[in-house]
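Chemist: So I've got this file, run_2.cif, and it contains mmCIF, C-alpha atoms:
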data_work
#
loop_
_atom_site.label_atom_id
_atom_site.label_comp_id
_atom_site.auth_asym_id
_atom_site.auth_seq_id
_atom_site.Cartn_x
_atom_site.Cartn_y
_atom_site.Cartn_z
CA MET A 1 18.17 15.80 9.52
CA LEU A 2 14.79 17.26 8.59
CA THR A 3 13.04 18.66 11.64
CA LYS A 4 9.28 18.63 12.09
CA LYS A 5 9.22 22.40 11.55
CA LYS A 6 11.09 22.01 8.25
CA LEU A 7 8.81 19.19 7.11
CA ILE A 8 5.74 21.37 7.72
CA GLU A 9 7.33 24.17 5.71
CA MET A 10 8.31 21.87 2.82
CA LEU A 11 4.88 20.24 2.63
CA ASN A 12 3.74 23.59 1.20
CA SER A 13 6.40 23.59 -1.54
CA GLN A 14 5.37 24.89 -4.97
CA GLY A 15 7.04 26.00 -8.18
CA ILE A 16 10.84 25.99 -8.30
CA GLU A 17 11.06 24.97 -4.64
CA GLN A 18 8.93 21.89 -5.33
CA LEU A 19 10.92 20.95 -8.43
CA SER A 20 14.11 21.10 -6.36
CA LEU A 21 12.51 18.94 -3.69
CA PHE A 22 11.51 16.32 -6.26
CA GLU A 23 14.96 16.37 -7.87
CA GLU A 24 16.65 15.68 -4.55
CA ALA A 25 14.16 12.87 -3.83
CA ARG A 26 14.98 11.25 -7.18
CA LYS A 27 18.71 11.54 -6.46
CA GLN A 28 18.24 9.72 -3.16
CA ARG A 29 16.12 7.05 -4.84
CA TYR A 30 18.81 6.48 -7.46
CA LEU A 31 21.50 6.08 -4.78
CA HIS A 32 19.56 3.18 -3.24
CA PHE A 33 17.61 1.67 -6.15
CA LYS A 34 19.25 2.98 -9.35
CA ASN A 35 16.53 3.21 -12.04
CA ASN A 36 14.53 0.26 -10.71
CA VAL A 37 10.87 0.39 -9.75
CA VAL A 38 9.41 -2.56 -7.86
CA VAL A 39 6.23 -3.84 -9.56
CA ARG A 40 3.79 -6.00 -7.64
CA GLY A 41 0.53 -7.75 -8.54
CA VAL A 42 -2.51 -7.29 -6.31
CA ILE A 43 -5.43 -9.68 -5.86
CA GLU A 44 -8.37 -8.17 -3.99
CA ILE A 45 -9.65 -11.15 -2.03
CA THR A 46 -12.75 -9.67 -0.35
CA ASN A 47 -14.75 -6.45 -0.21
CA LEU A 48 -16.24 -7.29 3.19
CA CYS A 49 -15.07 -5.25 6.17
CA ARG A 50 -15.97 -5.10 9.86
CA VAL A 51 -14.61 -1.55 10.25
CA ASN A 52 -16.73 1.54 9.62
CA CYS A 53 -14.21 4.11 8.36
CA ASP A 54 -16.01 7.30 7.35
CA TYR A 55 -14.01 7.66 4.11
CA CYS A 56 -14.39 4.13 2.72
CA PRO A 57 -17.28 2.86 0.53
CA MET A 58 -16.59 -0.70 1.75
CA ARG A 59 -17.33 0.36 5.34
CA LYS A 60 -19.38 -2.01 7.49
CA ASP A 61 -22.59 0.04 7.14
CA ASN A 62 -22.44 -0.33 3.34
CA THR A 63 -22.14 -4.11 3.33
CA LYS A 64 -25.76 -4.82 2.46
CA ARG A 65 -25.68 -2.34 -0.44
CA ASN A 66 -22.50 -3.76 -1.99
CA SER A 67 -22.16 -6.90 -4.10
CA ILE A 68 -20.14 -8.81 -1.53
CA TYR A 69 -17.61 -11.56 -2.22
CA ILE A 70 -14.79 -13.59 -0.69
CA LEU A 71 -12.41 -15.35 -3.09
CA SER A 72 -11.65 -19.03 -2.64
CA SER A 73 -8.04 -20.15 -2.37
CA GLU A 74 -8.43 -21.68 -5.87
CA GLU A 75 -9.39 -18.28 -7.31
CA ILE A 76 -6.36 -16.74 -5.59
CA ILE A 77 -4.04 -19.36 -7.08
CA ASN A 78 -5.45 -18.81 -10.58
CA ALA A 79 -4.85 -15.07 -10.31
CA SER A 80 -1.35 -15.73 -8.93
CA ARG A 81 -0.54 -17.68 -12.10
CA HIS A 82 -1.29 -14.56 -14.15
CA ILE A 83 1.04 -12.54 -11.91
CA LYS A 84 3.82 -15.07 -12.47
CA ASP A 85 3.21 -15.03 -16.23
CA PHE A 86 3.85 -11.28 -16.26
CA GLY A 87 7.26 -11.76 -14.66
CA ILE A 88 6.20 -10.33 -11.30
CA ASN A 89 7.27 -12.09 -8.09
CA ILE A 90 5.25 -10.14 -5.53
CA VAL A 91 1.77 -11.53 -4.85
CA PHE A 92 -0.12 -8.85 -2.95
CA LEU A 93 -3.26 -10.15 -1.21
CA GLN A 94 -5.48 -7.29 -0.13
CA GLY A 95 -8.94 -7.21 1.37
CA GLY A 96 -11.30 -5.75 3.89
CA GLU A 97 -10.76 -6.51 7.55
CA ILE A 98 -12.66 -9.68 8.44
CA PRO A 99 -11.60 -12.80 10.42
CA GLN A 100 -12.28 -15.16 7.48
CA THR A 101 -9.29 -13.91 5.48
CA THR A 102 -6.87 -15.66 7.84
CA LYS A 103 -8.04 -19.11 6.72
CA VAL A 104 -8.41 -18.18 3.05
CA VAL A 105 -4.88 -16.78 2.89
CA ALA A 106 -3.45 -19.62 4.97
CA ASP A 107 -4.81 -22.11 2.44
CA ALA A 108 -3.32 -20.16 -0.46
CA ILE A 109 0.17 -19.25 0.80
CA PRO A 110 1.87 -22.70 0.52
CA ARG A 111 0.41 -23.18 -2.96
CA ILE A 112 1.63 -19.76 -4.10
CA LYS A 113 5.10 -20.57 -2.77
CA GLU A 114 5.06 -23.83 -4.70
CA LEU A 115 3.81 -22.10 -7.87
CA PHE A 116 6.77 -19.70 -7.82
CA ASN A 117 9.23 -22.39 -6.70
CA GLY A 118 9.71 -20.39 -3.51
CA TYR A 119 11.04 -17.25 -5.20
CA VAL A 120 8.12 -14.99 -4.35
CA GLU A 121 7.22 -12.31 -1.84
CA ILE A 122 3.79 -12.74 -0.32
CA LEU A 123 2.56 -9.32 0.75
CA LEU A 124 -0.61 -9.04 2.83
CA CYS A 125 -2.92 -6.12 3.57
CA LEU A 126 -5.79 -7.53 5.63
CA GLY A 127 -6.14 -5.12 8.54
CA ASP A 128 -5.87 -5.70 12.27
CA LYS A 129 -5.49 -9.30 13.44
CA SER A 130 -4.24 -10.96 16.60
CA LYS A 131 -0.52 -11.56 17.03
CA ALA A 132 -1.23 -15.29 16.91
CA GLU A 133 -2.87 -14.92 13.49
CA TYR A 134 0.03 -12.84 12.19
CA LYS A 135 2.46 -15.50 13.45
CA TYR A 136 0.43 -18.29 11.85
CA LEU A 137 0.55 -16.57 8.45
CA ARG A 138 4.21 -15.70 8.87
CA ASP A 139 5.07 -19.32 9.69
CA LEU A 140 3.27 -20.42 6.52
CA GLY A 141 5.42 -18.11 4.42
CA ALA A 142 3.97 -14.57 4.42
CA ASP A 143 6.85 -12.13 3.98
CA SER A 144 5.47 -8.62 4.31
CA TYR A 145 2.41 -6.74 5.52
CA ILE A 146 0.92 -3.32 4.89
CA LEU A 147 -1.02 -1.75 7.74
CA LYS A 148 -1.55 1.93 7.12
CA HIS A 149 -1.99 4.07 10.20
CA GLU A 150 -3.92 6.56 7.98
CA THR A 151 -3.39 9.43 10.45
CA SER A 152 -1.23 9.64 13.56
CA ASP A 153 -3.57 12.23 15.08
CA ALA A 154 -5.19 9.97 17.68
CA ARG A 155 -8.30 12.17 17.98
CA LEU A 156 -8.84 12.33 14.22
CA HIS A 157 -8.02 8.63 13.83
CA TYR A 158 -10.77 7.65 16.24
CA LYS A 159 -13.22 10.16 14.78
CA LEU A 160 -12.83 8.81 11.23
CA ARG A 161 -12.07 5.12 11.84
CA HIS A 162 -13.97 4.59 15.11
CA LYS A 163 -11.03 2.54 16.34
CA SER A 164 -8.11 3.30 18.64
CA PHE A 165 -4.85 4.56 17.15
CA LYS A 166 -3.01 2.70 19.93
CA ASP A 167 -4.55 -0.58 18.77
CA ARG A 168 -3.32 0.09 15.24
CA LEU A 169 0.19 0.79 16.50
CA ARG A 170 0.13 -2.40 18.58
CA CYS A 171 -0.62 -4.43 15.46
CA ILE A 172 2.24 -2.74 13.59
CA GLU A 173 4.61 -3.49 16.46
CA ASN A 174 3.47 -7.12 16.54
CA LEU A 175 4.20 -7.48 12.83
CA LEU A 176 7.69 -6.03 13.25
CA GLU A 177 8.42 -8.33 16.20
CA LEU A 178 7.43 -11.35 14.11
CA GLY A 179 9.91 -10.46 11.39
CA TYR A 180 7.60 -9.12 8.71
CA LYS A 181 8.75 -6.38 6.35
CA VAL A 182 6.13 -3.81 7.27
CA GLY A 183 4.58 -0.89 5.45
CA THR A 184 2.41 1.90 6.75
CA GLY A 185 1.02 5.09 5.27
CA THR A 186 -1.04 8.23 5.59
CA ILE A 187 -4.06 9.70 3.84
CA VAL A 188 -3.31 13.30 2.90
CA GLY A 189 -6.10 15.87 3.05
CA LEU A 190 -8.52 14.23 5.46
CA PRO A 191 -11.08 16.69 6.83
CA ASP A 192 -9.65 18.53 9.90
CA GLN A 193 -6.13 17.22 9.23
CA SER A 194 -3.26 19.66 9.71
CA LEU A 195 0.14 19.87 8.01
CA GLU A 196 1.63 19.28 11.45
CA SER A 197 -0.22 15.97 11.59
CA ILE A 198 1.14 14.92 8.17
CA ALA A 199 4.65 15.78 9.34
CA ASP A 200 4.02 13.57 12.38
CA ASP A 201 2.96 10.75 10.01
CA ILE A 202 6.26 11.00 8.15
CA LEU A 203 8.31 10.99 11.34
CA LEU A 204 6.27 8.15 12.88
CA ALA A 205 7.16 5.79 10.02
CA LYS A 206 10.85 6.47 10.57
CA GLU A 207 10.52 6.08 14.35
CA LEU A 208 8.78 2.72 13.99
CA GLY A 209 11.42 1.39 11.59
CA MET A 210 9.13 0.79 8.63
CA HIS A 211 10.32 -0.82 5.40
CA MET A 212 7.58 0.69 3.22
CA VAL A 213 5.51 3.86 3.52
CA SER A 214 2.91 5.60 1.39
CA ALA A 215 1.05 8.87 1.00
CA SER A 216 -2.37 8.76 -0.67
CA PRO A 217 -4.61 11.74 -1.40
CA PHE A 218 -7.98 11.67 0.31
CA ILE A 219 -10.72 10.75 -2.17
CA SER A 220 -14.25 11.64 -1.14
CA ALA A 221 -16.34 8.63 -2.14
CA PRO A 222 -20.10 8.36 -2.65
CA GLU A 223 -22.27 6.76 0.02
CA THR A 224 -19.87 7.67 2.83
CA PRO A 225 -20.17 10.30 5.56
CA LEU A 226 -17.43 12.30 3.81
CA GLU A 227 -18.86 12.16 0.28
CA ASN A 228 -19.25 15.95 0.03
CA CYS A 229 -15.77 16.81 1.25
CA THR A 230 -13.00 18.20 -0.98
CA TYR A 231 -10.32 15.86 -2.37
CA GLY A 232 -6.92 15.95 -0.73
CA SER A 233 -4.28 18.11 -2.39
CA ILE A 234 -2.16 16.35 -5.03
CA ASN A 235 0.67 18.83 -4.46
CA THR A 236 0.77 18.14 -0.74
CA THR A 237 0.62 14.38 -1.37
CA LEU A 238 3.52 14.55 -3.82
CA ASN A 239 5.50 16.69 -1.40
CA ALA A 240 4.86 14.11 1.32
CA ILE A 241 6.17 11.34 -0.97
CA ALA A 242 9.35 13.33 -1.67
CA LEU A 243 9.88 14.09 2.03
CA MET A 244 9.40 10.43 2.94
CA ARG A 245 12.18 9.65 0.48
CA LEU A 246 14.47 12.27 2.04
CA VAL A 247 13.73 11.23 5.63
CA THR A 248 14.48 7.55 4.94
CA PRO A 249 16.02 7.12 1.46
CA ASP A 250 15.78 3.30 1.33
CA TYR A 251 12.00 3.13 1.78
CA LEU A 252 9.81 1.34 -0.71
CA ILE A 253 7.30 4.07 -1.58
CA PRO A 254 4.38 3.38 -3.94
CA SER A 255 2.90 5.77 -6.43
CA VAL A 256 -0.69 4.85 -5.61
CA SER A 257 -3.66 4.52 -7.96
CA ALA A 258 -5.52 7.26 -6.05
CA LEU A 259 -3.16 9.75 -7.67
CA GLU A 260 -4.77 8.87 -11.02
CA VAL A 261 -8.25 9.47 -9.61
CA SER A 262 -7.21 12.97 -8.55
CA GLY A 263 -5.53 14.12 -11.75
CA LYS A 264 -3.94 13.32 -15.11
CA ASP A 265 -0.60 11.48 -15.00
CA GLY A 266 -0.88 11.23 -11.22
CA GLN A 267 1.21 8.08 -10.85
CA LEU A 268 3.87 9.43 -13.20
CA LYS A 269 4.07 12.50 -10.96
CA GLY A 270 4.44 10.17 -7.98
CA LEU A 271 7.50 8.61 -9.61
CA GLU A 272 8.86 12.07 -10.36
CA ALA A 273 8.47 12.88 -6.65
CA GLY A 274 10.62 9.89 -5.65
CA ALA A 275 8.27 6.90 -5.44
CA ASN A 276 9.60 3.51 -6.55
CA VAL A 277 6.72 1.01 -6.39
CA LEU A 278 3.77 0.38 -8.72
CA THR A 279 0.95 -2.14 -8.33
CA ILE A 280 -0.88 -3.87 -11.19
CA ASN A 281 -4.40 -5.15 -10.52
CA PHE A 282 -4.83 -8.88 -11.24
CA SER A 283 -8.32 -9.27 -9.78
CA SER A 284 -10.93 -10.52 -12.24
CA ALA A 285 -12.83 -7.80 -14.12
CA ALA A 286 -16.02 -8.51 -12.16
CA ARG A 287 -14.27 -8.27 -8.80
CA GLN A 288 -12.42 -5.08 -9.71
CA HIS A 289 -15.73 -3.26 -9.95
CA ASP A 290 -17.04 -4.77 -6.72
CA TYR A 291 -13.97 -3.68 -4.74
CA LEU A 292 -15.20 -0.14 -4.09
CA ILE A 293 -12.14 1.26 -2.33
CA TYR A 294 -12.72 4.74 -3.86
CA GLY A 295 -16.22 4.17 -5.15
CA THR A 296 -17.21 3.39 -8.72
CA ASN A 297 -14.74 5.88 -10.22
CA ARG A 298 -11.60 4.04 -9.04
CA PHE A 299 -8.68 3.79 -11.46
CA ILE A 300 -7.78 0.19 -12.33
CA VAL A 301 -4.03 -0.12 -12.96
CA LYS A 302 -3.23 -2.39 -15.92
CA ASN A 303 0.09 -3.72 -17.16
CA THR A 304 0.00 -1.41 -20.20
CA HIS A 305 -0.43 1.64 -17.97
CA VAL A 306 2.55 0.69 -15.82
CA ALA A 307 4.71 0.01 -18.88
CA ALA A 308 3.79 3.42 -20.32
CA ILE A 309 4.61 5.47 -17.23
CA LEU A 310 7.84 3.57 -16.58
CA SER A 311 8.89 4.42 -20.13
CA LYS A 312 7.98 8.10 -19.69
CA ALA A 313 9.91 8.24 -16.42
CA GLY A 314 12.93 6.43 -17.86
CA LEU A 315 12.69 3.73 -15.18
CA LEU A 316 12.81 -0.08 -15.25
CA GLN A 317 10.56 -2.80 -13.82
CA SER A 318 12.20 -4.64 -10.94
CA GLN A 319 11.28 -7.62 -8.81
CA SER A 320 10.86 -7.87 -5.06
CA THR A 321 13.66 -6.77 -2.78
CA PHE A 322 12.29 -9.05 -0.03
CA ALA A 323 11.77 -12.39 -1.82
CA LYS A 324 14.27 -15.10 -0.98
CA ARG A 325 14.78 -18.23 -3.05
CA LYS A 326 14.28 -21.43 -1.09
CA PRO A 327 16.64 -24.36 -1.70
CA LEU A 328 15.35 -26.38 -4.63
CA ILE A 329 16.48 -29.67 -3.12
CA ASP A 330 17.60 -30.93 0.25
CA GLN A 331 21.04 -32.36 -0.47
CA GLN A 332 21.07 -34.44 2.74
CA ASN A 333 18.03 -36.37 1.55
CA CYS A 334 19.36 -37.23 -1.92
#
Would it be possible to restate this file's structure as C-alpha cells?
Modeler:
Amino acid sequence: MLTKKKLIEMLNSQGIEQLSLFEEARKQRYLHFKNNVVVRGVIEITNLCRVNCDYCPMRKDNTKRNSIYILSSEEIINASRHIKDFGINIVFLQGGEIPQTTKVVADAIPRIKELFNGYVEILLCLGDKSKAEYKYLRDLGADSYILKHETSDARLHYKLRHKSFKDRLRCIENLLELGYKVGTGTIVGLPDQSLESIADDILLAKELGMHMVSASPFISAPETPLENCTYGSINTTLNAIALMRLVTPDYLIPSVSALEVSGKDGQLKGLEAGANVLTINFSSAARQHDYLIYGTNRFIVKNTHVAAILSKAGLLQSQSTFAKRKPLIDQQNC
C-alpha cells in the first residue's frame, strides 16, 4: 500500500522514475479495463453560478459581465440526440451551481432515457444540492454524479471557494448513500497548495469509496482574483493521475481538457499516465464560448480530437460501465 509519505515523494517524479510510474499505472489500467477508454458526451446546461470560487471565470461576481444562459429541456434533448448518433451512451449534464438546474434536468432525464431506450448513463455535475434534490433526480433515473472536492485542505478550500469543506463532503456522502456512482477530484497547483495536501486528496477519494476521480491542473483565468498566478504543474498533475490509478486501480479517471490548455498533447499524456476517460463537448458552438470554465482560451474537445489521441495511444472507445439496460417490455402485461 502506498503511504502518504511515499505519495508525496512520487508526486515529484521526473525522468526515468516518472516513466516507470506511468508504465505501472498503465499496467494496472489494463488489468481492469484492457485497452478500453470510456468516452462520454457533455452538454453544458448553464453558465450561471451562485458560488464565488476565486479561480473560476463563471464565479458569481462575474455574472453580469458574462453572456448568461440556461438551456431548456428541449435543447438538452436535441444535444442528447447528437451524443447518441456518435455511439456514446453517457449523457453528461454539467453546469454552474444554481437551484434552477434541478427542474431543468428533472424534465430532461425521462426523455433522455426514452431516447436511448434505457441503455444510457446520465451523469450530472451541478454542484451542491439538498439530499432531497439528489434523491429526486436519482429516482427519475440519474445514475452518477461528479462533485469535485477541489482541495481537501479545509483552510485553503474555504479561502478559495468561500464555502465549507465539510459541506462539500456532506453532499458527497449524501450522493453515495442514495446509490449514485460518485466522482470527485482535485485541482493541482492551486496557490498555497502543498504536495502533502495533494497526497491527502488522493487518499481521501479512496477513503470515501469513490467510483471516479480526477486531477486537473490549475489554470489561471482572466477576470478572477487568481488571474496573475502561475499555472499548475503538468508533471505533478500527471503524477497524481498515475498515483490515483495505483491507489485504486479500478477508478474511472478522466484525462481532462485542462491538460490541453497547459501544453501540447496534454490529454494524450493523461492517457499515458493511466487515465481511461475522455469527454467530447456536444454543447452548441455559441454555448461553448459562453461557458467560460477556463476563460476564453479553453480547449473544446471534438470527436476528431478524441479519435486521434485514442489512435496514438493504441486504445479503443468504450461505452459506460454504469449504464444498465431496462427491460424493453413488461412480460406480465402482454
Chemist: Between A:Phe165, A:Phe299, A:Tyr251, A:Tyr69, single out the one closest to Ile202 (chain A), counting all atoms listed in the file.
Modeler: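 Ranked by minimum distance to Ile202 (chain A), first place goes to A:Tyr251.
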Chemist: Sorted by chain and rising residue number, list the residues of region 3-39 of chain A at most 12 Å from region 230-236 of chain A (counting all atoms listed in the file), each with its closest atom pair and distance in Å to one decimal, as a Markdown table.
Modeler:
| residue | atom | partner | partner_atom | distance |
| --- | --- | --- | --- | --- |
| A:Leu7 | CA | A:Thr236 | CA | 11.3 |
| A:Ile8 | CA | A:Thr236 | CA | 10.3 |
| A:Glu9 | CA | A:Thr236 | CA | 11.0 |
| A:Met10 | CA | A:Thr236 | CA | 9.1 |
| A:Leu11 | CA | A:Thr236 | CA | 5.7 |
| A:Asn12 | CA | A:Thr236 | CA | 6.5 |
| A:Ser13 | CA | A:Thr236 | CA | 7.9 |
| A:Gln14 | CA | A:Asn235 | CA | 7.7 |
| A:Gly15 | CA | A:Asn235 | CA | 10.3 |
| A:Gln18 | CA | A:Asn235 | CA | 8.9 |
| A:Leu19 | CA | A:Asn235 | CA | 11.2 |
| A:Leu21 | CA | A:Asn235 | CA | 11.9 |
| A:Phe22 | CA | A:Asn235 | CA | 11.3 |
Chemist: Report, in Å to a single decimal, how far apart CA of Ala258 (chain A) and CA of Asp54 (chain A) are.
Modeler: 17.0 Å
Chemist: If we count only C-alpha atoms, what is near Gly127 (chain A) at a cut-off of 10 Å, once residues fewer than 2 positions away on the same chain are taken out, given as a list in words?
Modeler: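 Listing them by chain and then by number gives Cys49, Arg50, Val51, Gln94, Gly95, Gly96, Glu97, Ile98, Pro99, Thr101, Leu124, Cys125, Lys129, Tyr145, Ile146, Leu147, Lys148, Arg168 and Cys171 of chain A.
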Chemist: What's around Glu207 (chain A) at 12 Å? Count all atoms listed in the file, leave out sequence neighbours fewer than 3 positions away in its own chain, and write the answer as a ChimeraX atom specification.
Modeler: /A:169,173,184,200-204,210-211,247-248
